[in-house]
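Q: Here's a structure for you.
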Amino acid sequence: GDICISCVYEDVHGTVCADYLPFKRNGKWGFLSRDEHTVVQFKYDDVYRFTDSTFVANLNGKCGLFTYTGKCILEPKYDRIAYKVLNKKEDPSYVVLNDKLAVLNSRNEFVTDFAYSAGRASFSLPQDGKYVEVSKVVSSKWDYNKHRYGLLNYETGDLVIPCEYESLGDLSEGLLYAEKDDRYGYIDVNNKVIIPFKYEDAEDFSEGLARVAVHGGYYNSIFGEAAPYSLYGFIDKTGKFVIPPTFPDPTLNAYDSDGFYEGLAAMGRRPDDNILAHYFGYIDVTGKYVIAPIYDKAHRFMHGVALVCKNKKYGCIDKSGNVVVDLIYDDYEYRAEKDTVIVLEK
């Protein structure tokens, strides 16, 4: 219970790395040791993105990268810095200046100029140990201010997939989905088309299969017009349907249930008056339900257990459909690094 750092500071960051503690004094941020010696002078407007050896600081409205020994790695002249996006030494970093983005490799070297959009694809996570998604904005009379996406080798700066796609999936099992002219197909990391652009929707491959959508027909919309709808199934890496596209649109389900995990995939059925699936269960690779579609939401299986929701209450089931955590909780949050789920009971 002894006071080791005096109660004289205006603020403190909750994140602590190594033995350096970020405190605010007289309106400026600096770092203290655990015995209250000043390690970094109190001169910065803000500090963030702490690692055991570096931190990002804002000085006079601009961001730079510094070490705790006082060395400046990046001069404070940038609008934003996302350093080591997953806080791993092998990660890339991003720097933004005048709404343009540049990429740094794992050695903090610029591998691109400020050539990419600082919009939706900014600060994308590493894929397959060396790739990140980047985007450019294309503008024309008919196509104003829209993004086009590509894939960059962040160690070399080589654009292995040019920024010509309306959307890109994650590189998974050697392929990634791409959208071009409102149609989806699959390409490899060399930008070779492996499965043609013919689908209404597509997801990443998992366990050798990918969920895709085809045109299913038309329905009478609330506006009195015939509107198209899609049906979903699963293809293999040749583009052959392994599970025919007979399932309704699963948009209302949880965000992480887009494929097969541990041999099962969350898919749903729809009520008669809606084209979207409202009730979800799990199918096997034959397309047969092994857990009935009775849940409002159904997450992917991990370690033999899946999080489900029914009547706005969350719990967990096993692969036989048995309840292993009662469906009595009001909310949840994943802790992926610890393979646990945090549940909330209000």
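Labeling convention for the structure tokens: chains A, B, ... as they appear, residues from 1 per chain, ligands from 1 in order of appearance.
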So that I can check the surroundings of Asp258 of chain A, please list as a ChimeraX atom specification every protein, DNA and RNA residue that reaches within 7 Å of it, counting only C-alpha atoms and ignoring chain neighbours fewer than 2 positions away.
A: /A:203,211,256
Q: Based on the selection just made, write N, CA and C atoms of those residues as a PDB file, in the first residue's frame.
A:
```pdb
ATOM      1  N   GLU A 203     -17.232 -15.609 -49.821  1.00  0.00           N
ATOM      2  CA  GLU A 203     -16.514 -15.529 -48.554  1.00  0.00           C
ATOM      3  C   GLU A 203     -15.182 -16.270 -48.675  1.00  0.00           C
ATOM      4  N   ARG A 211     -18.201 -20.280 -48.987  1.00  0.00           N
ATOM      5  CA  ARG A 211     -19.623 -19.958 -49.164  1.00  0.00           C
ATOM      6  C   ARG A 211     -19.776 -18.897 -50.243  1.00  0.00           C
ATOM      7  N   ASP A 256     -18.777 -13.801 -37.703  1.00  0.00           N
ATOM      8  CA  ASP A 256     -17.646 -14.721 -37.859  1.00  0.00           C
ATOM      9  C   ASP A 256     -18.095 -16.128 -38.234  1.00  0.00           C
TER      10      ASP A 256
END
```
Q: Excluding same-chain residues fewer than 4 positions from Ser257 of chain A, what lies within 7 Å of it counting only C-alpha atoms, as a list of chain:residue names?
A: A:Ala266, A:His299, A:Arg300
Q: Print the selection's residues with N, CA and C atoms to a file, as a PDB file, in the first residue's frame.
A:
```pdb
ATOM      1  N   ALA A 266     -22.385 -22.663 -39.844  1.00  0.00           N
ATOM      2  CA  ALA A 266     -23.660 -22.075 -39.423  1.00  0.00           C
ATOM      3  C   ALA A 266     -24.436 -21.613 -40.654  1.00  0.00           C
ATOM      4  N   HIS A 299     -22.452 -18.650 -33.847  1.00  0.00           N
ATOM      5  CA  HIS A 299     -21.065 -18.374 -34.172  1.00  0.00           C
ATOM      6  C   HIS A 299     -20.342 -19.653 -34.599  1.00  0.00           C
ATOM      7  N   ARG A 300     -19.141 -19.493 -35.096  1.00  0.00           N
ATOM      8  CA  ARG A 300     -18.335 -20.638 -35.512  1.00  0.00           C
ATOM      9  C   ARG A 300     -17.929 -21.493 -34.308  1.00  0.00           C
TER      10      ARG A 300
END
```
Q: List as a count of residues only the protein and nucleic acid residues near segment 225-241 of chain A, meaning an atom at most 7 Å away when only C-alpha atoms are counted, but skip any in the same chain fewer than 6 places from it.
A: 16
Q: List every residue of segment 45-203 of chain A that DSSP, applied to the backbone of this structure, assigns to strand (DSSP E), and report them as an NGL selection string.
A: :A and (46-48 or 54-59 or 62-67 or 72-78 or 80-82 or 93-97 or 100-104 or 116-117 or 131-138 or 146-153 or 159-165 or 167-168 or 176-180 or 183-187 or 193-199 or 201-202)
Q: For Ala102 of chain A, work out the shell of residues within 10 Å, counting only C-alpha atoms and skipping chain neighbours fewer than 4 positions away, then give it as JSON, numbers by chain.
A: {"A": [81, 93, 94, 95, 96, 97, 110, 111, 112, 113, 114, 115, 116, 117, 118, 122, 134, 157]}
